[in-house]
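Source file start34.txt; content: compact mmCIF, C-alpha atoms.
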# COMPACT_ATOMS: atom_id res chain seq x y z
CA MET A 288 0.00 0.00 0.00
CA GLU A 289 2.85 2.36 0.86
CA GLU A 290 4.45 1.74 -2.56
CA ILE A 291 1.15 2.64 -4.25
CA GLU A 292 0.92 5.86 -2.27
CA ASP A 293 4.53 6.71 -3.13
CA ALA A 294 3.82 6.13 -6.84
CA ARG A 295 0.73 8.34 -6.68
CA ALA A 296 2.66 11.09 -4.93
CA THR A 297 5.43 10.86 -7.53
CA ARG A 298 2.97 11.20 -10.41
CA LEU A 299 1.16 14.09 -8.74
CA ARG A 300 4.40 15.92 -7.95
CA ALA A 301 5.77 15.42 -11.47
CA GLY A 302 2.49 16.49 -13.04
CA LEU A 303 2.24 19.66 -10.98
CA GLN A 304 5.82 20.66 -11.69
CA ALA A 305 5.15 20.26 -15.41
CA LEU A 306 1.91 22.23 -15.26
CA TRP A 307 3.49 25.06 -13.27
CA ALA A 308 6.26 25.29 -15.84
CA TYR A 309 3.67 25.34 -18.63
CA HIS A 310 0.93 27.57 -17.17
CA GLY A 311 2.78 29.42 -14.42
CA ARG A 312 2.39 29.13 -10.66
CA GLN A 313 -0.22 31.28 -8.90
CA ASN A 314 0.31 32.17 -5.26
CA TRP A 315 -2.39 33.06 -2.75
CA ASP A 316 -3.51 36.70 -2.94
CA GLY A 317 -4.35 37.20 0.73
CA GLU A 318 -7.36 37.05 3.03
CA ASP A 319 -10.91 37.58 1.79
CA ASP A 320 -14.31 37.79 3.49
CA VAL A 321 -14.98 34.18 4.50
CA LEU A 322 -18.77 34.37 4.53
CA GLY A 323 -18.80 36.20 1.21
CA VAL A 324 -16.61 33.52 -0.37
CA LEU A 325 -18.91 30.82 1.03
CA VAL A 326 -22.03 32.44 -0.43
CA ARG A 327 -20.31 33.02 -3.77
CA THR A 328 -19.15 29.39 -3.84
CA ILE A 329 -22.70 28.17 -3.27
CA LEU A 330 -23.88 30.43 -6.08
CA SER A 331 -21.19 28.96 -8.36
CA GLN A 332 -22.59 25.45 -8.16
CA SER A 333 -23.76 24.14 -11.56
CA THR A 334 -23.25 27.44 -13.38
CA THR A 335 -20.58 29.53 -15.08
CA LYS A 336 -18.16 32.00 -13.53
CA SER A 337 -19.87 34.92 -15.27
CA ASN A 338 -23.32 33.87 -14.04
CA THR A 339 -21.93 33.48 -10.53
CA THR A 340 -20.52 37.00 -10.60
CA MET A 341 -23.81 38.45 -11.87
CA ALA A 342 -25.82 36.60 -9.24
CA PHE A 343 -23.52 37.63 -6.39
CA ASN A 344 -23.45 41.26 -7.50
CA SER A 345 -27.24 41.27 -7.86
CA LEU A 346 -27.59 39.83 -4.34
CA MET A 347 -25.33 42.54 -2.94
CA ASP A 348 -27.08 45.33 -4.84
CA THR A 349 -30.57 44.13 -3.95
CA PHE A 350 -29.87 43.88 -0.23
CA GLU A 351 -27.39 46.76 0.08
CA GLY A 352 -24.49 44.44 0.88
CA ASP A 353 -26.06 43.54 4.23
CA TRP A 354 -26.12 39.82 5.09
CA GLY A 355 -28.76 40.50 7.72
CA ASN A 356 -31.07 41.86 5.03
CA VAL A 357 -30.48 38.72 2.96
CA ALA A 358 -31.13 36.42 5.92
CA GLU A 359 -34.40 38.09 6.92
CA ALA A 360 -35.78 38.75 3.43
CA GLU A 361 -38.64 36.87 1.86
CA VAL A 362 -37.16 33.84 0.13
CA ALA A 363 -38.93 34.84 -3.09
CA ASP A 364 -36.95 38.10 -3.12
CA VAL A 365 -33.66 36.25 -2.69
CA ILE A 366 -34.63 33.83 -5.44
CA GLU A 367 -35.33 36.73 -7.78
CA ALA A 368 -32.03 38.42 -6.92
CA ILE A 369 -29.94 35.36 -7.79
CA ARG A 370 -32.11 33.93 -10.57
CA MET A 371 -29.50 34.49 -13.29
CA GLY A 372 -27.14 32.16 -11.44
CA GLY A 373 -29.34 29.10 -11.93
CA LEU A 374 -30.94 26.76 -9.38
CA ALA A 375 -32.12 29.82 -7.47
CA ARG A 376 -34.97 27.97 -5.73
CA GLN A 377 -32.45 25.58 -4.18
CA LYS A 378 -29.67 28.08 -3.49
CA ALA A 379 -31.72 30.91 -1.93
CA PRO A 380 -33.10 28.99 1.09
CA ARG A 381 -29.73 27.29 1.53
CA ILE A 382 -27.94 30.64 1.69
CA GLN A 383 -30.50 32.08 4.10
CA ALA A 384 -30.25 29.04 6.37
CA ILE A 385 -26.46 29.30 6.48
CA LEU A 386 -26.58 33.03 7.24
CA LYS A 387 -28.98 32.45 10.13
CA ALA A 388 -26.87 29.56 11.44
CA VAL A 389 -23.70 31.67 11.30
CA HIS A 390 -25.38 34.51 13.18
CA GLY A 391 -26.76 32.10 15.76
CA GLU A 392 -23.35 30.53 16.35
CA PHE A 393 -21.07 33.58 16.20
CA GLY A 394 -23.44 36.46 17.03
CA ASP A 395 -22.55 38.19 13.78
CA TYR A 396 -22.79 37.63 10.04
CA SER A 397 -19.11 36.75 9.79
CA LEU A 398 -16.91 33.67 9.62
CA ASP A 399 -13.64 35.56 9.83
CA SER A 400 -12.96 34.08 13.28
CA LEU A 401 -12.22 30.77 11.54
CA ALA A 402 -8.82 32.26 10.75
CA ASP A 403 -7.89 31.47 14.35
CA SER A 404 -8.94 27.82 14.03
CA GLU A 405 -6.94 24.80 12.91
CA PRO A 406 -8.00 23.59 9.45
CA GLU A 407 -9.67 20.47 10.84
CA ALA A 408 -11.81 22.50 13.26
CA ALA A 409 -12.65 25.09 10.60
CA MET A 410 -13.66 22.30 8.22
CA LYS A 411 -15.93 20.81 10.87
CA THR A 412 -17.66 24.17 11.33
CA LEU A 413 -18.37 24.62 7.63
CA LEU A 414 -19.41 21.01 6.99
CA ALA A 415 -22.08 21.36 9.67
CA TYR A 416 -24.00 23.76 7.40
CA LYS A 417 -26.49 22.03 5.13
CA GLY A 418 -25.38 22.10 1.51
CA VAL A 419 -21.67 22.54 2.31
CA GLY A 420 -19.58 19.55 1.25
CA PRO A 421 -15.86 18.75 1.31
CA LYS A 422 -15.08 20.69 -1.88
CA THR A 423 -16.96 23.84 -0.85
CA ALA A 424 -15.55 23.85 2.69
CA ARG A 425 -11.99 23.36 1.49
CA PHE A 426 -12.30 25.98 -1.24
CA VAL A 427 -13.56 28.61 1.20
CA LEU A 428 -10.76 27.93 3.69
CA MET A 429 -8.09 27.80 0.99
CA TYR A 430 -9.25 30.84 -0.99
CA ALA A 431 -10.37 33.13 1.84
CA LEU A 432 -7.88 32.20 4.57
CA GLY A 433 -4.97 30.57 2.76
CA MET A 434 -5.29 27.30 4.66
CA ASP A 435 -3.33 24.43 3.15
CA VAL A 436 -6.37 22.36 2.20
CA PHE A 437 -7.06 21.05 -1.29
CA PRO A 438 -10.51 21.41 -2.91
CA MET A 439 -11.14 19.38 -6.05
CA ASP A 440 -13.70 20.20 -8.73
CA THR A 441 -14.65 18.12 -11.77
CA HIS A 442 -11.55 19.28 -13.67
CA ILE A 443 -9.21 18.15 -10.91
CA PHE A 444 -10.97 14.82 -10.37
CA ARG A 445 -10.78 14.15 -14.10
CA ILE A 446 -7.07 14.95 -14.37
CA LEU A 447 -6.02 13.02 -11.27
CA GLU A 448 -8.00 10.00 -12.42
CA ARG A 449 -6.28 10.20 -15.82
CA TRP A 450 -2.92 10.37 -14.04
CA ASP A 451 -3.90 7.31 -11.93
CA VAL A 452 -3.54 9.37 -8.76
CA LEU A 453 -7.21 8.80 -7.92
CA GLU A 454 -9.64 6.01 -8.69
CA GLY A 455 -13.19 6.70 -9.79
CA SER A 456 -14.51 4.35 -7.10
CA GLU A 457 -13.29 6.55 -4.24
CA SER A 458 -15.89 8.64 -2.44
CA ASP A 459 -15.72 12.42 -2.62
CA SER A 460 -14.57 12.71 0.99
CA ALA A 461 -12.00 9.90 0.70
CA ALA A 462 -10.62 11.29 -2.56
CA HIS A 463 -10.14 14.73 -1.02
CA THR A 464 -8.37 13.24 2.01
CA LEU A 465 -6.09 11.11 -0.15
CA ALA A 466 -5.11 13.85 -2.60
CA GLU A 467 -4.48 16.30 0.23
CA ALA A 468 -2.13 13.83 1.88
CA LEU A 469 -0.15 13.35 -1.36
CA LEU A 470 0.55 17.06 -1.85
CA ASP A 471 3.70 18.74 -0.62
CA SER A 472 3.17 21.17 2.24
CA GLY A 473 2.07 24.59 1.02
CA ALA A 474 1.15 23.35 -2.46
CA ALA A 475 -2.66 23.25 -2.14
CA TYR A 476 -3.49 26.69 -3.55
CA PRO A 477 -1.15 26.67 -6.58
CA ALA A 478 -2.04 23.02 -7.25
CA HIS A 479 -5.77 23.77 -7.26
CA MET A 480 -5.41 26.80 -9.50
CA VAL A 481 -3.16 25.19 -12.12
CA LEU A 482 -5.18 21.96 -12.31
CA VAL A 483 -8.42 23.88 -12.86
CA GLN A 484 -6.72 25.97 -15.56
CA HIS A 485 -5.29 22.87 -17.23
CA GLY A 486 -8.66 21.15 -17.16
CA ARG A 487 -10.33 24.11 -18.81
CA GLU A 488 -7.67 24.84 -21.42
CA VAL A 489 -6.03 21.50 -22.26
CA CYS A 490 -7.31 18.38 -20.50
CA GLY A 491 -10.97 18.72 -21.40
CA ALA A 492 -13.62 16.15 -20.58
CA ARG A 493 -14.58 15.16 -24.12
CA LYS A 494 -11.64 16.16 -26.29
CA PRO A 495 -8.42 16.53 -24.31
CA ASN A 496 -5.69 18.23 -26.32
CA CYS A 497 -3.02 15.67 -25.56
CA LEU A 498 -0.62 17.07 -28.16
CA ALA A 499 -0.43 20.34 -26.21
CA CYS A 500 -0.12 18.66 -22.80
CA PRO A 501 3.23 18.91 -21.02
CA VAL A 502 2.75 15.49 -19.35
CA ARG A 503 1.66 13.59 -22.46
CA SER A 504 4.84 11.47 -22.47
CA TRP A 505 3.85 9.66 -19.27
CA CYS A 506 0.13 10.31 -18.71
CA PRO A 507 -1.62 6.91 -18.78
CA ALA A 508 -4.63 8.44 -20.55
CA SER A 509 -2.70 10.30 -23.24
CA GLU A 510 -2.68 9.44 -26.92
CA SER A 511 1.04 8.66 -26.61
CA GLY A 512 0.25 5.58 -24.56
CA GLY A 513 1.83 6.79 -21.34
CA GLU A 514 5.32 6.00 -20.09
CA SER A 515 6.42 5.90 -16.45
CA VAL A 516 7.15 9.16 -14.69
CA GLU A 517 10.58 7.92 -13.69
CA GLN A 518 11.61 7.62 -17.35
CA ASN A 519 11.05 11.33 -18.03
Structure encoded using structure tokens:
Amino acid sequence: MEEIEDARATRLRAGLQALWAYHGRQNWDGEDDVLGVLVRTILSQSTTKSNTTMAFNSLMDTFEGDWGNVAEAEVADVIEAIRMGGLARQKAPRIQAILKAVHGEFGDYSLDSLADSEPEAAMKTLLAYKGVGPKTARFVLMYALGMDVFPMDTHIFRILERWDVLEGSESDSAAHTLAEALLDSGAAYPAHMVLVQHGREVCGARKPNCLACPVRSWCPASESGGESVEQN
């Protein structure tokens, strides 16, 4: 089992180094409003980045940037404000429930105090909110607070399965735990960003552009047939 884990870590490390050389390495920009990032992340589910931005901006404009106004509004008004983001009837009550739960737990519409928590404790807090899963919780903590946790979206799952780092049979929670353990310390943010970029621009779901891929010589899923990492 240890040999398998070592092989996975080697492939992941080699792949990331190649992608950073190809796309560039993005470093964390600094702290952001944790609750705002959480709401925006919920709005981003099953929609595009542009739709997410429009829905979030509409929510802020409609309720004057006040989370208390959002929490206490009629759900129909919240639905209307975020309609352009898709799945508004599911997202609006979910957002309101989270806002009320945050206020009930912390006495304020803020999650910034999570910055003082260990990642495991902060994860536990976020996962307790209905509709917040491992990916969302990790993304919020990574993006807003710079915690060294590794969220994986469909692009990342796809790439790591093609690299034989992950298996499709692994649960979402188990896959996140495994991938996080394979990463070098401090690599979560740049790894997430470059894998998402690579999935969007090169390693697509239906027609991956293997000829443009910097890991095509060893990727098991590439058109080249895939050679071992150690040979390259």
Write out, as CSV, each residue of stretch 356-455 of chain A that has an atom at most 10 Å from stretch 289-307 of chain A, together with the closest pair of atoms and their distance in Å to one decimal, counting all atoms listed in the file, rows going by chain and rising number.
residue,atom,partner,partner_atom,distance
A:Ile446,CA,A:Gly302,CA,9.8
A:Leu447,CA,A:Leu299,CA,7.7
A:Trp450,CA,A:Arg298,CA,7.0
A:Asp451,CA,A:Arg295,CA,7.1
A:Val452,CA,A:Arg295,CA,4.9
A:Leu453,CA,A:Arg295,CA,8.0
Let me see the file: selected residues, C-alpha atoms, as a PDB file, in the frame of the given file.
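part21.pdb written:
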ATOM      1  CA  ILE A 446      -7.070  14.950 -14.370  1.00  0.00           C
ATOM      2  CA  LEU A 447      -6.020  13.020 -11.270  1.00  0.00           C
ATOM      3  CA  TRP A 450      -2.920  10.370 -14.040  1.00  0.00           C
ATOM      4  CA  ASP A 451      -3.900   7.310 -11.930  1.00  0.00           C
ATOM      5  CA  VAL A 452      -3.540   9.370  -8.760  1.00  0.00           C
ATOM      6  CA  LEU A 453      -7.210   8.800  -7.920  1.00  0.00           C
TER       7      LEU A 453
END
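Counting from atom CA of A:Pro380, the distance to atom CA of A:Lys417 is 10.4 Å.
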Excluding same-chain residues fewer than 5 positions from A:His485, what lies within 9 Å of it counting all atoms listed in the file, as an mmCIF file with C-alpha atoms, keeping the file's coordinate frame?
data_model
loop_
_atom_site.group_PDB
_atom_site.id
_atom_site.type_symbol
_atom_site.label_atom_id
_atom_site.label_comp_id
_atom_site.auth_asym_id
_atom_site.auth_seq_id
_atom_site.Cartn_x
_atom_site.Cartn_y
_atom_site.Cartn_z
ATOM 1 C CA LEU A 306 1.910 22.230 -15.260
ATOM 2 C CA HIS A 310 0.930 27.570 -17.170
ATOM 3 C CA HIS A 442 -11.550 19.280 -13.670
ATOM 4 C CA ILE A 443 -9.210 18.150 -10.910
ATOM 5 C CA ILE A 446 -7.070 14.950 -14.370
ATOM 6 C CA MET A 480 -5.410 26.800 -9.500
ATOM 7 C CA CYS A 490 -7.310 18.380 -20.500
ATOM 8 C CA GLY A 491 -10.970 18.720 -21.400
ATOM 9 C CA CYS A 500 -0.120 18.660 -22.800
#
- prompt: Could you name the residues that touch A:Ala363 at 9 Å or less, counting only C-alpha atoms, but leaving out those on the same chain fewer than 4 positions away, as JSON, numbers by chain?
  reply: {"A": [367, 368, 376, 379]}
Could you save the residues just selected, with C-alpha atoms, as a compact mmCIF listing (two decimals), in the coordinates of the input?
# COMPACT_ATOMS: atom_id res chain seq x y z
CA GLU A 367 -35.33 36.73 -7.78
CA ALA A 368 -32.03 38.42 -6.92
CA ARG A 376 -34.97 27.97 -5.73
CA ALA A 379 -31.72 30.91 -1.93
List as a Markdown table every residue of stretch 372-465 of chain A that is in contact with stretch 339-356 of chain A, defined as an atom at most 8 Å from one of its atoms (using all atoms listed in the file), together with the nearest atom pair and the distance in Å rounded to one decimal, sorted by chain and then rising number.
| residue | atom | partner | partner_atom | distance |
| --- | --- | --- | --- | --- |
| A:Gly372 | CA | A:Ala342 | CA | 5.1 |
| A:Leu386 | CA | A:Trp354 | CA | 7.1 |
| A:Tyr396 | CA | A:Trp354 | CA | 6.4 |
Let me have the centre and edge lengths of the axis-aligned box enclosing all listed atoms of stretch 378-388 of chain A with 4 Å padding on every side, in Å to one decimal, as lines of an AutoDock Vina configuration file.
center_x = -29.8
center_y = 30.2
center_z = 4.0
size_x = 14.6
size_y = 13.7
size_z = 22.9
field: Interatomic distance, atom CA of A:Val365 to atom CA of A:Thr412 (Å, one decimal)
entry: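 These atoms are spaced 24.5 Å apart.
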